[in-house]
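Worksheet for the structure shown next.
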Number of protein chains: 6
Amino acid sequence: MFRLQVSDHVSLQLIERHHAEGLFALVDANRPHLREWLGWVDGATEASTYQESVIPAWLQQFADGNSFTCGIYLEDELVGTISLHEINRHLGQTSIGYYLGEKGLRKGVMTDVVRFVTNYCFETLGLNRVVIECATGNVRSRRIPERLGFTEEGILRDAEKLYGTYHDIQVYAMLRRDWTKTQEVAACASSQ
Amino acid sequence: MFRLQVSDHVSLQLIERHHAEGLFALVDANRPHLREWLGWVDGATEASTYQESVIPAWLQQFADGNSFTCGIYLEDELVGTISLHEINRHLGQTSIGYYLGEKGLRKGVMTDVVRFVTNYCFETLGLNRVVIECATGNVRSRRIPERLGFTEEGILRDAEKLYGTYHDIQVYAMLRRDWTKTQEVAACASSQ
Amino acid sequence: MFRLQVSDHVSLQLIERHHAEGLFALVDANRPHLREWLGWVDGATEASTYQESVIPAWLQQFADGNSFTCGIYLEDELVGTISLHEINRHLGQTSIGYYLGEKGLRKGVMTDVVRFVTNYCFETLGLNRVVIECATGNVRSRRIPERLGFTEEGILRDAEKLYGTYHDIQVYAMLRRDWTKTQEVAACASSQ
Amino acid sequence: MFRLQVSDHVSLQLIERHHAEGLFALVDANRPHLREWLGWVDGATEASTYQESVIPAWLQQFADGNSFTCGIYLEDELVGTISLHEINRHLGQTSIGYYLGEKGLRKGVMTDVVRFVTNYCFETLGLNRVVIECATGNVRSRRIPERLGFTEEGILRDAEKLYGTYHDIQVYAMLRRDWTKTQEVAACASSQ
Amino acid sequence: MFRLQVSDHVSLQLIERHHAEGLFALVDANRPHLREWLGWVDGATEASTYQESVIPAWLQQFADGNSFTCGIYLEDELVGTISLHEINRHLGQTSIGYYLGEKGLRKGVMTDVVRFVTNYCFETLGLNRVVIECATGNVRSRRIPERLGFTEEGILRDAEKLYGTYHDIQVYAMLRRDWTKTQEVAACASSQ
Amino acid sequence: MFRLQVSDHVSLQLIERHHAEGLFALVDANRPHLREWLGWVDGATEASTYQESVIPAWLQQFADGNSFTCGIYLEDELVGTISLHEINRHLGQTSIGYYLGEKGLRKGVMTDVVRFVTNYCFETLGLNRVVIECATGNVRSRRIPERLGFTEEGILRDAEKLYGTYHDIQVYAMLRRDWTKTQEVAACASSQ
């Protein structure tokens, strides 16, 4: 129930143990869609695992100040999740991971959410560099950082492994010094 | 920044490390007022202690599902804190602790906040019993559960110790089965 | 084998791993009697659990200075147990829990033992407040603090849960300043 | 206060935090005498160290079932300590360490205490082998196992180090199968 | 003393506590040279820190199977170190870090050592991908992966921070499928 | 692959997780021979246990600086293991344990290896006393310290337990001050 309001219709909730059932239902209803680019989907077979180990581990990392995992809500429906991984205070750096179930797709939800979280990283956490890594073949996911003006920094070959097959990873990054500028350009573009 | 919206003007924020400065400033500005009934005030002498040990310990308890500690915000100003202590899932029970700095007093803030958190205990956490313990001499604090219809269950003699002196504790409790009823009566009374 | 001598016929022994068999036999022989007010009885199905987890946990708490659990011996026979729970050094406070199997009942054993342990709390541990909590329906158990002059401080509603049903708890407490006085009155009464 | 009664005048008490002052006073009053064969004496400079680290460590080992440390009481006066080190359940083996302050010497106290503890190892703990190791030059200490009929098994060269100097250790051991026999011979001898 | 023989003159030794003095001396003699690209150099002010915390932490990671740190020896003289960081078994991936003191420079030592360790990653550890990350300005260090045929995969902007200033990182990687081929080409080239 | 070269044909390798298969095969091929004096052989029924618990525990002890376990290689074949147990820095003392499969026997391998490791204890680790303990009936094993000039210090009765039966242990030790001398005598004797 602890919330970050992204827009009129979209909010994030810090995931706690009482979200286990809803979160499992989201994954369970979207297996074919999600498993294409997420290696852990086949292993997620019970809501109790979320309750007893997955969510406690996320909360532990949140308590340690190293990451957070939020549910993405469209009105009051859970449609996906977004996480910060390994917040490095010394380097002022973190990376963002996210997915949506079918119901959340094609509504601009994720672009708004990632914009909001990127802004949170710079404004609230005071970070300098935000990374998004996508398998090169994951076209839908790559569109998000591209729309938000993240820079393509390179392709890490064989750096992801899904169902026994290696995939290359496209690294996108946004630096604090480019963020305001990027947002203004984007705002300008969208207002035309 | 993770929020619970209590009313138009009042919200709660889960306290994270980046709140350390603000929280210390609140305590520091209200020492004479707060130390009367809070034993730890004199020991809170540095913001860094909040950053490095107090807040991490609160977050650890939140991650363990045993409690939470929130800042109370009036508009965007931090005016106090409220905590759940030791959420006992087996017994369906917890207790609430709270304080306000001078700026938050006499505006009905705490009554709204405690009503909200009590409701959260019954509705979101599914608990059965919510306890508030006040030193018998702490008249201002006792008014909150009294206004909200909590039952006085007894007085625990010498159960609190402040600056070397024992104090008696008045135990107030609300049960889930009385909560809706109580709220209706209260709403009714206030609408007359 | 580490003992506290209560009276000519009654002693306490700090429970160690080698008491596991005897302790399990006591519980096993008194299930119908004990389970009425003790929620853990049905779960105690093997002596090995005492050996490997229950007794080590008690010893750990003893080592931490937070509690102890002793067997009650009538002559050389184990007839019950008595524990201190959560010794709070700052508040100078603890609570006592106890039970007897059938063989130990109706001989004044428990009154002597609780008097002895209460005295131990004040004299050896230097505490200020000793609490005994009994379900309101547990008449036999309530007689002990009543005979020893403990004060009834209040009734905590729904504060215990046994086999899915909530029970109210009667809180009894003895303060150090009342103990000597109480004992003299009791001695005086019993000598008439 | 948890006791083992050795004889009419001598008892052992499991050492808890509240014995810290008394134990430090014993060591402090006997430094020249004790430091000859105990390497830790010079490092024991404050009662608070016993309270906060030495005694908690002993209690932790007791809770783990690996050892115990008792105070030796002559009437009600603390005159020394005795410990079991590293109780090995698989091999059925432990070793005994002990010392007395001046007031406890030359009264047969230690012989009685070591006989009692050895018996405790065989009878209560069910062990098979009890070891006593003494520096070869520690004549007073060596007399105890010799009087009790322990066997000299060998001399471990340079196996102890005191104040930078190596000492040889004489290993004495008693086996369960020899214990009853030895005691009878001893009883017989002393009754003549 | 546990060794990997790299060539007739060069070997690696797994660093243990008894290497602390030698390792500190190496760093201490090369501060101006090393601190340019290594952020921890100014903080390395005592050999005892290596003995008590740095080397134990490295050994712990080695024991966990996550990394190793070796001294580089030219004949019997310690001239630098090389480490594997975060061996990821699932992804079959690790990264290599290294430095040399002045005495080890300009002798081809590091090229031989990194070739050997890369080979060790593929042959002994069975990994698929080996990464080397160098600040873009660290020309000397970049020459090693370039000579060994590693691929430049991209430049991570602001991904390193030295003395308060951000630096870009050039990512080099070698894949198992390219390694044999690369080595043959290199051997071929060097034999002409 | 981290090695200590003992002689032209014999070397030691620090055992890491990737040695699990080979080590299990050695034990599995030598069960009748090894189980006579090693109590753990019957319990070693799967290579995965070496991979997941035995070898990680050895590496943990190595990381803690308390011991190491190496494979003994004759040319490139694993023929046995040798370990240091509980390196005591304060006393400058450790003990050596070892075994060979059939293929390594009767070639002087173990005498060379134990001489090398004893030397390592004195020269590299700077210890003062090296112990070898053999069951008195284990004639083959006893020959090693006897050939190397270790002193018989005594017989610890019932100090080992194999398959429910107690065995006596012969304690052999070598002191640093005798080592060089012993080696010269041995060299002298063998050159005649």
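Residues in the structure tokens are numbered from 1 in each chain, the chains being A, B, ... in the order shown, and ligands are numbered from 1 in the order shown.
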
Quick one: residues within 7 Å of range 86-103 of chain D, only C-alpha atoms, excluding same-chain residues fewer than 2 positions away - as a list in words?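 Using only C-alpha atoms, the neighbours found are Leu26, Asn30, Asn66, Ser67, Val79, Gly80, Thr81, Ile82, Ser83, Leu84, Leu105, Leu127, Asn128, Arg129, Val130, Val131 and Ile132 of chain D; Ala159, Glu160 and Lys161 of chain F.
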
Would you save the residues from that selection as a CSV table (one decimal), in the first residue's frame, using all heavy atoms?
chain,number,residue,atom,x,y,z
D,26,LEU,N,37.8,-12.5,42.6
D,26,LEU,CA,38.6,-13.7,42.9
D,26,LEU,C,39.9,-13.6,42.2
D,26,LEU,O,41.0,-13.9,42.7
D,26,LEU,CB,37.8,-14.9,42.5
D,26,LEU,CG,38.6,-16.3,42.5
D,26,LEU,CD1,39.0,-16.7,44.0
D,26,LEU,CD2,37.8,-17.4,41.8
D,30,ASN,N,44.1,-12.8,43.4
D,30,ASN,CA,45.0,-14.0,43.4
D,30,ASN,C,46.0,-13.9,42.2
D,30,ASN,O,46.5,-14.9,41.7
D,30,ASN,CB,44.2,-15.3,43.3
D,30,ASN,CG,43.6,-15.6,44.6
D,30,ASN,OD1,44.2,-16.2,45.5
D,30,ASN,ND2,42.3,-15.3,44.8
D,66,ASN,N,28.5,-27.7,24.4
D,66,ASN,CA,30.0,-28.0,24.2
D,66,ASN,C,30.8,-27.9,25.4
D,66,ASN,O,32.0,-28.3,25.4
D,66,ASN,CB,30.5,-27.0,23.1
D,66,ASN,CG,30.0,-27.3,21.8
D,66,ASN,OD1,29.5,-28.5,21.5
D,66,ASN,ND2,29.9,-26.3,20.9
D,67,SER,N,30.3,-27.2,26.5
D,67,SER,CA,31.2,-27.0,27.6
D,67,SER,C,30.3,-26.4,28.7
D,67,SER,O,29.2,-26.0,28.5
D,67,SER,CB,32.4,-26.1,27.3
D,67,SER,OG,31.9,-24.7,27.3
D,79,VAL,N,35.7,-19.7,45.5
D,79,VAL,CA,37.2,-19.9,45.7
D,79,VAL,C,37.9,-20.3,44.5
D,79,VAL,O,39.1,-20.4,44.5
D,79,VAL,CB,37.4,-20.9,46.8
D,79,VAL,CG1,36.9,-20.4,48.2
D,79,VAL,CG2,36.8,-22.3,46.5
D,80,GLY,N,37.1,-20.6,43.4
D,80,GLY,CA,37.8,-21.1,42.1
D,80,GLY,C,36.8,-21.4,41.1
D,80,GLY,O,35.6,-21.1,41.2
D,81,THR,N,37.3,-21.9,39.9
D,81,THR,CA,36.3,-22.3,38.9
D,81,THR,C,36.8,-23.6,38.3
D,81,THR,O,37.9,-24.1,38.4
D,81,THR,CB,36.3,-21.3,37.7
D,81,THR,OG1,37.4,-21.5,36.9
D,81,THR,CG2,36.2,-19.9,38.2
D,82,ILE,N,35.8,-24.3,37.7
D,82,ILE,CA,36.1,-25.6,37.0
D,82,ILE,C,35.3,-25.6,35.7
D,82,ILE,O,34.1,-25.1,35.7
D,82,ILE,CB,35.8,-26.8,37.9
D,82,ILE,CG1,36.2,-28.1,37.1
D,82,ILE,CG2,34.3,-26.9,38.3
D,82,ILE,CD1,36.4,-29.3,38.1
D,83,SER,N,35.9,-26.1,34.6
D,83,SER,CA,35.2,-26.0,33.3
D,83,SER,C,35.4,-27.4,32.6
D,83,SER,O,36.4,-28.1,32.8
D,83,SER,CB,35.9,-25.0,32.4
D,83,SER,OG,36.0,-23.8,33.0
D,84,LEU,N,34.4,-27.7,31.8
D,84,LEU,CA,34.5,-28.7,30.8
D,84,LEU,C,34.8,-28.0,29.5
D,84,LEU,O,34.1,-27.1,29.2
D,84,LEU,CB,33.2,-29.6,30.7
D,84,LEU,CG,32.9,-30.5,31.8
D,84,LEU,CD1,31.8,-31.4,31.3
D,84,LEU,CD2,34.1,-31.3,32.3
D,105,LEU,N,42.9,-23.4,48.7
D,105,LEU,CA,43.9,-24.4,48.7
D,105,LEU,C,44.1,-25.2,50.0
D,105,LEU,O,43.6,-24.7,51.0
D,105,LEU,CB,45.3,-23.6,48.4
D,105,LEU,CG,45.4,-22.9,47.1
D,105,LEU,CD1,46.7,-22.1,47.0
D,105,LEU,CD2,45.3,-23.8,45.9
D,127,LEU,N,29.8,-39.9,29.0
D,127,LEU,CA,31.0,-39.9,28.2
D,127,LEU,C,31.9,-41.1,28.5
D,127,LEU,O,31.6,-41.9,29.4
D,127,LEU,CB,31.8,-38.6,28.5
D,127,LEU,CG,31.1,-37.3,28.2
D,127,LEU,CD1,31.9,-36.1,28.5
D,127,LEU,CD2,30.6,-37.2,26.7
D,128,ASN,N,32.9,-41.3,27.7
D,128,ASN,CA,33.8,-42.5,27.8
D,128,ASN,C,35.2,-42.2,28.3
D,128,ASN,O,35.9,-43.0,28.8
D,128,ASN,CB,33.9,-43.2,26.5
D,128,ASN,CG,34.8,-44.4,26.5
D,128,ASN,OD1,34.5,-45.4,27.2
D,128,ASN,ND2,35.9,-44.3,25.8
D,129,ARG,N,35.6,-40.9,28.1
D,129,ARG,CA,37.0,-40.5,28.3
D,129,ARG,C,37.1,-39.1,28.8
D,129,ARG,O,36.5,-38.2,28.2
D,129,ARG,CB,37.8,-40.7,27.0
D,129,ARG,CG,39.2,-40.1,27.0
D,129,ARG,CD,39.8,-40.4,25.6
D,129,ARG,NE,41.0,-39.6,25.4
D,129,ARG,CZ,42.2,-39.9,25.8
D,129,ARG,NH1,42.4,-41.1,26.3
D,129,ARG,NH2,43.2,-39.1,25.6
D,130,VAL,N,37.8,-38.9,29.9
D,130,VAL,CA,37.9,-37.6,30.5
D,130,VAL,C,39.4,-37.3,30.6
D,130,VAL,O,40.1,-38.0,31.2
D,130,VAL,CB,37.2,-37.5,31.9
D,130,VAL,CG1,37.5,-36.2,32.6
D,130,VAL,CG2,35.7,-37.7,31.8
D,131,VAL,N,39.8,-36.1,30.1
D,131,VAL,CA,41.2,-35.8,30.0
D,131,VAL,C,41.5,-34.6,30.9
D,131,VAL,O,40.7,-33.7,31.1
D,131,VAL,CB,41.6,-35.4,28.5
D,131,VAL,CG1,43.0,-34.8,28.4
D,131,VAL,CG2,41.3,-36.5,27.6
D,132,ILE,N,42.7,-34.6,31.6
D,132,ILE,CA,43.2,-33.4,32.3
D,132,ILE,C,44.6,-33.2,31.8
D,132,ILE,O,45.4,-34.1,31.7
D,132,ILE,CB,43.2,-33.6,33.8
D,132,ILE,CG1,41.8,-33.8,34.3
D,132,ILE,CG2,43.9,-32.5,34.5
D,132,ILE,CD1,41.7,-34.1,35.8
F,159,ALA,N,40.8,-42.7,22.0
F,159,ALA,CA,40.7,-41.4,21.6
F,159,ALA,C,40.2,-41.3,20.1
F,159,ALA,O,39.9,-40.2,19.6
F,159,ALA,CB,42.0,-40.6,21.7
F,160,GLU,N,40.0,-42.5,19.5
F,160,GLU,CA,39.4,-42.5,18.1
F,160,GLU,C,38.3,-43.5,18.2
F,160,GLU,O,38.3,-44.5,19.0
F,160,GLU,CB,40.5,-42.9,17.1
F,160,GLU,CG,40.0,-43.0,15.7
F,160,GLU,CD,39.3,-41.8,15.1
F,160,GLU,OE1,38.2,-41.5,15.6
F,160,GLU,OE2,39.9,-41.1,14.3
F,161,LYS,N,37.3,-43.3,17.3
F,161,LYS,CA,36.1,-44.3,17.3
F,161,LYS,C,35.8,-44.6,15.8
F,161,LYS,O,35.5,-43.6,15.1
F,161,LYS,CB,34.9,-43.6,18.0
F,161,LYS,CG,33.8,-44.6,18.4
F,161,LYS,CD,32.8,-43.8,19.1
F,161,LYS,CE,31.7,-44.7,19.7
F,161,LYS,NZ,30.7,-43.9,20.5

Chain C contacts on chain D, only C-alpha atoms, 10 Å, as a list of chain:residue names: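 My answer is D:Met1, D:Phe2, D:Arg3, D:Leu4, D:Gln5, D:Leu12, D:Gln13, D:Leu14, D:Glu16, D:Arg17, D:His18, D:Ile55, D:Pro56, D:Ala57, D:Trp58, D:Leu59, D:Gln60, D:Gln61, D:Phe62, D:Ala63, D:Asp64, D:Gly65, D:Tyr120, D:Thr124, D:Leu125, D:Gly126.
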
When you draw a straight line from CA of Asp28 in chain E to CA of Asp42 in chain E, how long is it in Å?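 CA of Asp42 in chain E lies at a distance of 9.6 Å from CA of Asp28 in chain E.
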
Could you give me, as a PDB file with C-alpha atoms, in the first residue's frame, the residues within 10 Å of Glu77 in chain D, counting only C-alpha atoms and dropping anything in the same chain fewer than 3 positions from it?
ATOM      1  CA  VAL D  10      31.415 -27.470  48.587  1.00  0.00           C
ATOM      2  CA  SER D  11      29.127 -26.672  45.661  1.00  0.00           C
ATOM      3  CA  GLY D  22      32.640 -11.823  42.325  1.00  0.00           C
ATOM      4  CA  LEU D  26      38.627 -13.680  42.931  1.00  0.00           C
ATOM      5  CA  GLY D  71      32.263 -21.312  40.145  1.00  0.00           C
ATOM      6  CA  ILE D  72      33.546 -23.452  43.044  1.00  0.00           C
ATOM      7  CA  TYR D  73      31.990 -22.417  46.367  1.00  0.00           C
ATOM      8  CA  LEU D  74      33.362 -23.298  49.790  1.00  0.00           C
ATOM      9  CA  GLY D  80      37.810 -21.058  42.140  1.00  0.00           C
ATOM     10  CA  LYS D 103      41.592 -19.409  50.210  1.00  0.00           C
ATOM     11  CA  GLY D 104      40.547 -22.660  48.576  1.00  0.00           C
TER      12      GLY D 104
END

In Å, rounded to a single decimal, give me how far CA of Trp179 in chain B is from CA of Cys134 in chain C.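 Taking CA of Cys134 in chain C and CA of Trp179 in chain B, their separation equals 25.7 Å.
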
Would you mind writing down, as number ranges by chain, each residue of range 22-148 of chain F that DSSP on the backbone assigns to helix (DSSP H, G or I)? F: 22-29, 31-35, 41-43, 47-63, 102-104, 109-123, 139-147

Contacts of range 110-119 of chain D at 7 Å (only C-alpha atoms; same-chain gap of 2+ positions) as a count of residues only: 8

Looking only at the backbone, which of the residues in range 124-192 of chain D does DSSP tag as strand (DSSP E or B), as number ranges by chain? D: 129-135, 151-162, 165-175

For CA of Ile169 in chain C and CA of Ile155 in chain B, quote the distance in Å rounded to one decimal.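 CA of Ile155 in chain B lies 13.7 Å from CA of Ile169 in chain C.
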
Fewer than 3 positions away in the same chain doesn't count, so skip those; otherwise give me all residues within 10 Å of Arg142 in chain E, counting only C-alpha atoms, as a list in words. Ile132, Glu133, Cys134, Ala135, Thr136, Gly137, Asn138, Val139, Pro145, Glu146, Arg147, Gln170, Val171 and Tyr172 of chain E
